[in-house]
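Have a look at start.txt; it's compact mmCIF, C-alpha atoms:
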```txt
# COMPACT_ATOMS: atom_id res chain seq x y z
CA MET A 17 24.41 15.94 2.73
CA ALA A 18 24.55 12.16 3.17
CA THR A 19 23.71 10.06 0.11
CA GLN A 20 23.09 6.88 2.04
CA ARG A 21 20.35 4.76 0.48
CA ILE A 22 17.13 4.76 2.48
CA ALA A 23 14.20 2.32 2.61
CA VAL A 24 10.93 2.95 4.48
CA VAL A 25 8.25 0.41 5.44
CA THR A 26 4.95 1.61 6.91
CA GLY A 27 3.05 -0.47 9.45
CA GLY A 28 6.28 -2.31 10.21
CA ASN A 29 5.80 -3.35 13.82
CA LYS A 30 4.00 -6.66 13.15
CA GLY A 31 2.75 -9.08 10.53
CA ILE A 32 3.76 -8.73 6.91
CA GLY A 33 5.25 -5.27 7.50
CA PHE A 34 7.58 -6.66 10.16
CA ALA A 35 8.68 -9.46 7.84
CA ILE A 36 9.28 -6.98 4.98
CA VAL A 37 11.56 -4.94 7.27
CA LYS A 38 13.41 -8.15 8.20
CA GLU A 39 13.89 -9.08 4.53
CA LEU A 40 15.08 -5.60 3.56
CA CYS A 41 17.50 -5.44 6.48
CA ALA A 42 19.10 -8.60 5.12
CA LYS A 43 19.16 -7.62 1.44
CA PHE A 44 18.94 -3.82 1.00
CA GLU A 45 22.25 -1.97 0.81
CA GLY A 46 21.36 1.00 2.95
CA ARG A 47 19.38 2.07 6.00
CA VAL A 48 15.96 0.53 6.62
CA TYR A 49 13.29 2.41 8.57
CA LEU A 50 10.61 0.46 10.38
CA THR A 51 7.76 2.90 10.95
CA ALA A 52 4.68 2.45 13.09
CA ARG A 53 2.03 4.70 14.61
CA ASP A 54 2.75 3.42 18.13
CA GLU A 55 6.27 4.27 19.32
CA GLY A 56 6.34 1.55 21.97
CA ARG A 57 5.34 -1.24 19.59
CA GLY A 58 7.74 0.07 16.97
CA ALA A 59 10.66 0.16 19.39
CA THR A 60 9.85 -3.38 20.57
CA ALA A 61 9.82 -4.62 16.96
CA VAL A 62 13.21 -2.99 16.29
CA GLU A 63 14.67 -4.71 19.38
CA GLU A 64 13.35 -8.07 18.15
CA LEU A 65 15.12 -7.59 14.83
CA LYS A 66 18.33 -6.46 16.51
CA LYS A 67 18.36 -9.76 18.43
CA LEU A 68 18.54 -11.43 15.01
CA GLY A 69 21.64 -9.41 14.16
CA LEU A 70 19.79 -6.92 11.96
CA SER A 71 20.02 -3.14 12.17
CA PRO A 72 16.68 -1.45 11.46
CA HIS A 73 15.97 2.15 12.45
CA PHE A 74 12.68 3.38 13.87
CA HIS A 75 10.60 6.50 13.30
CA GLN A 76 7.03 7.14 14.37
CA LEU A 77 4.62 7.45 11.44
CA ASP A 78 0.84 7.39 11.44
CA ILE A 79 -0.50 7.60 7.88
CA ASP A 80 -3.85 8.75 9.33
CA ASN A 81 -2.25 11.88 10.81
CA GLN A 82 -1.02 14.64 8.50
CA ASP A 83 1.18 16.15 11.20
CA SER A 84 2.91 12.78 11.69
CA ILE A 85 3.39 12.46 7.91
CA ASN A 86 4.85 15.97 7.71
CA LYS A 87 7.28 15.35 10.58
CA PHE A 88 8.48 12.12 9.02
CA SER A 89 8.96 13.54 5.53
CA GLU A 90 10.83 16.53 6.98
CA TYR A 91 13.04 14.16 8.96
CA ILE A 92 13.93 12.12 5.87
CA LYS A 93 14.50 15.26 3.79
CA ASN A 94 16.67 17.01 6.38
CA THR A 95 18.63 13.91 7.43
CA TYR A 96 19.19 12.13 4.12
CA GLY A 97 17.97 14.43 1.37
CA GLY A 98 16.03 11.67 -0.34
CA LEU A 99 14.52 8.22 -0.36
CA ASP A 100 15.13 5.06 -2.42
CA VAL A 101 12.48 2.54 -1.35
CA LEU A 102 8.94 3.04 -0.03
CA VAL A 103 6.75 0.08 0.96
CA ASN A 104 3.21 1.20 1.78
CA ASN A 105 2.00 -1.59 4.02
CA ALA A 106 0.05 0.21 6.78
CA ALA A 107 -3.70 -0.46 6.63
CA ILE A 108 -6.74 -1.29 8.74
CA ALA A 109 -9.51 -3.87 8.28
CA TYR A 110 -12.73 -4.41 10.18
CA LYS A 111 -13.49 -7.98 11.21
CA ARG A 112 -16.54 -9.72 9.74
CA ALA A 113 -18.19 -9.58 13.17
CA ALA A 114 -17.67 -5.81 13.51
CA THR A 115 -20.75 -4.03 14.86
CA GLU A 116 -19.95 -0.53 13.64
CA PRO A 117 -22.37 0.81 11.01
CA PHE A 118 -21.26 0.08 7.43
CA GLY A 119 -21.03 3.80 6.65
CA GLU A 120 -18.67 4.33 9.58
CA GLN A 121 -16.54 1.37 8.51
CA ALA A 122 -16.38 2.77 4.99
CA GLU A 123 -15.37 6.25 6.12
CA ASN A 124 -12.58 4.99 8.37
CA THR A 125 -11.25 2.29 6.03
CA ILE A 126 -11.13 4.55 2.96
CA ARG A 127 -9.63 7.41 4.98
CA VAL A 128 -6.75 5.30 6.29
CA ASN A 129 -6.08 2.75 3.55
CA TYR A 130 -6.63 4.99 0.53
CA PHE A 131 -6.32 8.63 1.56
CA GLY A 132 -3.65 7.94 4.20
CA THR A 133 -1.52 6.10 1.67
CA LEU A 134 -2.12 8.89 -0.84
CA ALA A 135 -1.14 11.58 1.68
CA LEU A 136 2.12 9.80 2.45
CA CYS A 137 2.86 9.48 -1.28
CA HIS A 138 2.28 13.22 -1.72
CA ALA A 139 4.76 13.90 1.08
CA LEU A 140 7.45 11.39 0.11
CA PHE A 141 7.30 11.18 -3.69
CA PRO A 142 9.13 14.52 -4.11
CA LEU A 143 12.00 12.94 -2.12
CA LEU A 144 12.29 9.82 -4.30
CA ARG A 145 15.69 9.57 -5.96
CA PRO A 146 16.34 8.23 -9.48
CA HIS A 147 15.86 4.43 -9.59
CA ALA A 148 13.59 4.54 -6.52
CA ARG A 149 11.17 1.67 -5.96
CA VAL A 150 7.65 1.97 -4.52
CA CYS A 151 5.52 -1.01 -3.51
CA HIS A 152 1.91 -0.76 -2.39
CA VAL A 153 0.85 -3.82 -0.42
CA SER A 154 -2.61 -4.42 -1.84
CA SER A 155 -4.59 -7.66 -1.58
CA SER A 156 -6.45 -10.22 -3.63
CA CYS A 157 -9.35 -8.02 -2.51
CA GLY A 158 -7.73 -5.22 -4.51
CA HIS A 159 -8.41 -6.88 -7.87
CA LEU A 160 -10.80 -4.95 -10.11
CA SER A 161 -13.16 -7.95 -10.38
CA GLU A 162 -14.07 -7.43 -6.70
CA ILE A 163 -16.15 -4.40 -7.73
CA CYS A 164 -19.24 -6.56 -8.10
CA GLY A 165 -22.34 -4.71 -6.93
CA ASP A 166 -25.52 -4.44 -8.97
CA GLU A 167 -25.35 -4.24 -12.75
CA PRO A 168 -25.00 -2.26 -14.93
CA ALA A 169 -23.51 0.11 -12.33
CA ALA A 170 -20.68 -2.28 -11.37
CA THR A 171 -19.50 -2.60 -14.98
CA GLN A 172 -19.53 1.19 -15.30
CA LEU A 173 -17.49 1.54 -12.10
CA ARG A 174 -14.92 -1.00 -13.28
CA ALA A 175 -14.60 0.88 -16.57
CA LYS A 176 -13.96 4.15 -14.72
CA LEU A 177 -11.47 2.59 -12.30
CA SER A 178 -9.49 0.90 -15.07
CA ALA A 179 -9.51 3.78 -17.55
CA ASP A 180 -6.04 4.78 -18.76
CA THR A 181 -7.15 8.40 -18.45
CA LEU A 182 -8.27 8.14 -14.80
CA THR A 183 -6.83 10.98 -12.71
CA GLU A 184 -6.01 11.12 -9.02
CA ASN A 185 -8.83 13.61 -8.45
CA GLU A 186 -11.34 11.38 -10.26
CA LEU A 187 -10.23 8.39 -8.21
CA ALA A 188 -10.60 10.39 -5.00
CA ASP A 189 -14.13 11.33 -6.09
CA LEU A 190 -14.96 7.64 -6.65
CA MET A 191 -13.63 6.70 -3.20
CA ASN A 192 -15.71 9.48 -1.62
CA GLN A 193 -18.78 8.41 -3.60
CA PHE A 194 -18.45 4.92 -2.16
CA VAL A 195 -18.34 6.31 1.39
CA GLU A 196 -21.47 8.40 0.74
CA THR A 197 -23.37 5.43 -0.70
CA ALA A 198 -22.23 3.25 2.21
CA LYS A 199 -23.76 5.81 4.55
CA ASP A 200 -27.10 6.11 2.71
CA GLY A 201 -27.39 2.39 1.93
CA THR A 202 -27.34 2.65 -1.87
CA PHE A 203 -23.82 1.24 -2.38
CA ARG A 204 -24.91 -2.02 -4.06
CA GLN A 205 -27.31 -0.21 -6.42
CA LYS A 206 -24.41 2.08 -7.36
CA GLY A 207 -22.25 -0.94 -8.22
CA TRP A 208 -20.10 -1.17 -5.10
CA PRO A 209 -19.46 -4.40 -3.13
CA GLY A 210 -20.30 -4.95 0.53
CA SER A 211 -16.70 -4.73 1.75
CA THR A 212 -15.01 -1.47 2.69
CA TYR A 213 -11.60 -3.18 2.66
CA VAL A 214 -12.13 -4.33 -0.93
CA VAL A 215 -12.92 -0.81 -2.12
CA SER A 216 -9.92 0.67 -0.28
CA LYS A 217 -7.53 -1.85 -1.83
CA VAL A 218 -9.03 -1.54 -5.33
CA GLY A 219 -8.43 2.19 -4.86
CA VAL A 220 -4.76 1.57 -4.02
CA SER A 221 -4.38 -0.74 -7.03
CA ALA A 222 -5.92 1.90 -9.32
CA LEU A 223 -3.71 4.58 -7.76
CA THR A 224 -0.64 2.48 -8.63
CA ARG A 225 -1.53 2.73 -12.33
CA ILE A 226 -2.02 6.50 -12.13
CA GLN A 227 1.30 6.97 -10.34
CA HIS A 228 3.06 4.76 -12.89
CA ARG A 229 1.85 6.98 -15.72
CA ALA A 230 3.11 10.05 -13.86
CA PHE A 231 6.54 8.51 -13.26
CA LEU A 232 6.92 7.78 -16.98
CA SER A 233 7.12 11.52 -17.61
CA ASP A 234 9.05 12.35 -14.42
CA SER A 235 12.43 14.04 -14.85
CA ARG A 236 13.93 11.57 -12.37
CA GLU A 237 15.08 8.42 -14.12
CA ASP A 238 13.61 4.96 -13.62
CA ILE A 239 11.21 5.40 -10.69
CA VAL A 240 9.05 2.27 -10.51
CA VAL A 241 5.77 1.66 -8.64
CA ASN A 242 3.87 -1.62 -8.38
CA SER A 243 1.21 -3.16 -6.12
CA CYS A 244 0.88 -6.74 -4.97
CA HIS A 245 -1.26 -9.33 -3.23
CA PRO A 246 1.05 -10.77 -0.54
CA GLY A 247 -1.05 -13.92 -0.08
CA TYR A 248 -3.42 -15.10 2.62
CA VAL A 249 -1.09 -14.80 5.59
CA ASP A 250 -1.30 -15.79 9.25
CA THR A 251 -1.62 -12.30 10.78
CA ASP A 252 -3.82 -10.33 13.15
CA MET A 253 -5.61 -8.88 10.12
CA THR A 254 -6.74 -12.32 8.92
CA SER A 255 -7.52 -13.41 12.49
CA HIS A 256 -4.61 -15.86 11.99
CA LYS A 257 -6.60 -17.91 9.46
CA GLY A 258 -4.16 -17.53 6.57
CA PRO A 259 -2.00 -20.58 5.69
CA MET A 260 1.08 -18.55 4.71
CA THR A 261 3.81 -17.32 7.07
CA ILE A 262 4.63 -13.62 7.35
CA GLU A 263 7.96 -14.38 5.70
CA GLN A 264 6.14 -15.88 2.70
CA GLY A 265 3.86 -12.84 2.65
CA ALA A 266 6.87 -10.52 2.59
CA ALA A 267 8.46 -12.21 -0.42
CA CYS A 268 6.67 -10.31 -3.20
CA PRO A 269 6.71 -6.85 -1.52
CA ALA A 270 10.44 -7.24 -0.83
CA TYR A 271 11.02 -8.40 -4.41
CA LEU A 272 9.31 -5.25 -5.70
CA ALA A 273 11.25 -3.05 -3.27
CA LEU A 274 14.54 -4.52 -4.52
CA LEU A 275 13.89 -4.52 -8.29
CA PRO A 276 17.20 -3.79 -10.07
CA PRO A 277 17.82 -0.59 -12.05
CA ASN A 278 16.25 -0.14 -15.48
CA ILE A 279 14.12 -3.29 -15.50
CA SER A 280 11.52 -3.38 -18.26
CA GLU A 281 8.86 -4.98 -16.05
CA PRO A 282 7.06 -5.10 -13.70
CA ARG A 283 6.13 -1.42 -13.87
CA GLY A 284 2.74 -0.08 -12.81
CA ALA A 285 1.65 -3.69 -12.38
CA TYR A 286 -0.40 -5.77 -9.97
CA LEU A 287 1.46 -8.88 -8.82
CA TRP A 288 0.40 -12.09 -7.10
CA HIS A 289 2.24 -13.44 -4.06
CA ASP A 290 4.31 -15.75 -6.32
CA LYS A 291 5.75 -12.63 -8.03
CA SER A 292 3.76 -13.21 -11.23
CA VAL A 293 2.16 -10.23 -12.96
CA VAL A 294 -1.63 -10.55 -12.94
CA ASP A 295 -4.01 -8.82 -15.35
CA TRP A 296 -5.76 -6.43 -12.99
CA THR A 297 -8.70 -5.84 -15.30
CA ASN A 298 -9.65 -9.48 -16.01
CA LYS A 299 -10.24 -12.68 -14.05
CA LYS A 300 -7.92 -13.05 -11.07
CA PRO A 301 -6.10 -16.26 -10.06
CA ALA A 302 -7.37 -18.68 -7.44
CA PRO A 303 -6.98 -17.14 -4.00
CA VAL A 304 -4.16 -17.83 -1.56
```

For the file at hand, write its structure as structure tokens.
Amino acid sequence: MATQRIAVVTGGNKGIGFAIVKELCAKFEGRVYLTARDEGRGATAVEELKKLGLSPHFHQLDIDNQDSINKFSEYIKNTYGGLDVLVNNAAIAYKRAATEPFGEQAENTIRVNYFGTLALCHALFPLLRPHARVCHVSSSCGHLSEICGDEPAATQLRAKLSADTLTENELADLMNQFVETAKDGTFRQKGWPGSTYVVSKVGVSALTRIQHRAFLSDSREDIVVNSCHPGYVDTDMTSHKGPMTIEQGAACPAYLALLPPNISEPRGAYLWHDKSVVDWTNKKPAPV
């Protein structure tokens, strides 16, 4: 079976994901897969990159569809036998002017951004080879300090989310509790903020720490997972209000995807767009 090195980027057809694919095509020694839920948009993105002299590959992948996840993981397993880089970039965000009920926004955002990412990890982590690198594209919104609903509930939530003993099941319960409180209107009293995107990205940041602890005892050598805030970037998701280019936004995710073997840090960390490690549990830097 082929031992070609393989990199996968989710949500790769536009924005930061597209720029991460571009960066990896230039620097990663192996085959880079641009994945997207829409085949047409994904194929168009691949053609754009080919015009630049790059050679990405495309495969359909919708992290909100278990069948799509299963097909993709089977394809990678049967074609290559393993995986070396995974960049979890795919996510959704409601605009500030969205008219959908807050409970509906919460259910959809948590399902895609947290549970979709988790489902893909469950499918692909068994395929990670020794020295594999995983990067979760989080956000400045994914910093623990953003859990800022009513006290003392918010402090209690932050303590649970940052506990070194937090399990995947406990984190899933917390994400589901947020959705329930969003639906019944008690989310602020229970300590949660008024942003579904914030909670989904805090969830991904907390998941990174759990996965890091699991990889420390994994029989496969030197598998590293980190999350990062790519910066406030000019993309559809920010309604093109961000001052940074998509290439600037791709810099830290690509850096984490290409970390050399046996580095001591960053591991299980939360990084800022300038590649600096940020204390996830304390005050975060000024936003960009």

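With CA of Arg283 in chain A on one side and CA of Gln193 in chain A on the other, the separation reads 28.7 Å.
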
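Closest to Lys93 in chain A among A:Thr224, A:Ser211, A:Thr19, A:Asn298 is A:Thr19, based on only C-alpha atoms.
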
| request: Excluding Val48 in chain A and any residue of its chain fewer than 5 positions from it, enumerate the residues within 6 Å of it, using all atoms listed in the file, and give them as a PyMOL selection string. | output: chain A and resi 23-24+72

| task | Quick one: pull the distance between CA of Val241 in chain A and CA of Ser221 in chain A, Å, one decimal. | result |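 Answer for the CA of Val241 in chain A to CA of Ser221 in chain A separation: 10.6 Å.
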
| field | Closest of A:Gly119, A:Gly132, A:Gly284, A:Pro269 to Ala106 in chain A - atom-to-atom distances counting only C-alpha atoms | value |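 Under the stated criterion, the closest residue is A:Gly132.
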
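Only residues having an atom at most 12 Å from (5.9, 12.7, -1.2) are included; using all atoms listed in the file, these are Ile85, Asn86, Phe88, Ser89, Glu90, Ile92, Lys93, Gly98, Leu99, Leu102, Gly132, Thr133, Leu134, Ala135, Leu136, Cys137, His138, Ala139, Leu140, Phe141, Pro142, Leu143, Leu144, Arg145, Val150 and Gln227 of chain A.
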
| said: So that I can see what lies close to Lys206 in chain A, please list as a list of chain:residue names the residues with an atom at most 12 Å from it, counting all atoms listed in the file and leaving out residues fewer than 6 positions away in the same chain. | reply: A:Ile163, A:Cys164, A:Gly165, A:Asp166, A:Glu167, A:Pro168, A:Ala169, A:Ala170, A:Thr171, A:Gln172, A:Leu173, A:Arg174, A:Leu190, A:Gln193, A:Phe194, A:Val195, A:Glu196, A:Thr197, A:Ala198, A:Asp200

Centre, x/y/z edge lengths, axis-aligned box for range 64-75 of chain A with 5 Å per side, as lines of an AutoDock Vina configuration file:
```
center_x = 16.1
center_y = -2.5
center_z = 14.9
size_x = 21.0
size_y = 27.9
size_z = 17.0
```

| field | Polymer residues at most 8 Å from range 289-295 of chain A, all atoms listed in the file, same-chain spacing of 6 or more positions, as an MDAnalysis selection string | value | chainID A and resid 244:247 265 267:268 271 282 301

| message | For a quick check of your reading of the model, name the residues lying within 12 Å of the coordinate (16.8, -7.6, 7.0), counting only C-alpha atoms, and write them as JSON, numbers by chain. | response | {"A": [23, 25, 33, 34, 35, 36, 37, 38, 39, 40, 41, 42, 43, 44, 45, 46, 47, 48, 49, 50, 62, 64, 65, 66, 67, 68, 69, 70, 71, 72, 73, 263, 266, 270]}

| message | Using all atoms listed in the file, can you tell me which of A:Ala175, A:Ala59, A:Ala285, A:Ile108 comes closest to Glu123 in chain A? | response |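 That would be A:Ile108, the residue with the smallest distance to Glu123 in chain A.
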
| message | Neighbouring residues of Glu55 in chain A were defined as those with any atom within 10 Å, considering all atoms listed in the file; residues of the same chain fewer than 5 positions away were excluded. Please report them as a VMD selection string. | response | chain A and resid 29 60 to 61 74 to 77

Give me a file of those residues, with C-alpha atoms, as a compact mmCIF listing (two decimals), keeping the file's coordinate frame.
```
# COMPACT_ATOMS: atom_id res chain seq x y z
CA ASN A 29 5.80 -3.35 13.82
CA THR A 60 9.85 -3.38 20.57
CA ALA A 61 9.82 -4.62 16.96
CA PHE A 74 12.68 3.38 13.87
CA HIS A 75 10.60 6.50 13.30
CA GLN A 76 7.03 7.14 14.37
CA LEU A 77 4.62 7.45 11.44
```

| query | Which is closest to Trp288 in chain A among A:Ser156, A:Thr95, A:Thr181, A:Asn242, if we use only C-alpha atoms? | reply |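 Looking only at the distances to Trp288 in chain A, the closest residue turns out to be A:Ser156.
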
| query | By how many Å are CA of Gly158 in chain A and CA of Tyr213 in chain A apart? | reply |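 Computing the Euclidean distance for CA of Gly158 in chain A and CA of Tyr213 in chain A yields 8.4 Å.
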
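For the residues A:Arg21, A:Lys176, A:Arg225, A:Lys217, ranking by smallest atom-to-atom distance to Tyr96 in chain A using all atoms listed in the file places A:Arg21 first.
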
| Residue with smallest distance to Ser216 in chain A - pool A:Ile22, A:Ala114, A:Val240, A:Met191, counting only C-alpha atoms |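 Of all the options, A:Met191 lies closest to Ser216 in chain A.
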
| field | Non-local contacts of Ser243 in chain A (6 Å; all atoms listed in the file; under 2 positions in same chain excluded) as an NGL selection string | value | :A and (151-154 or 286)
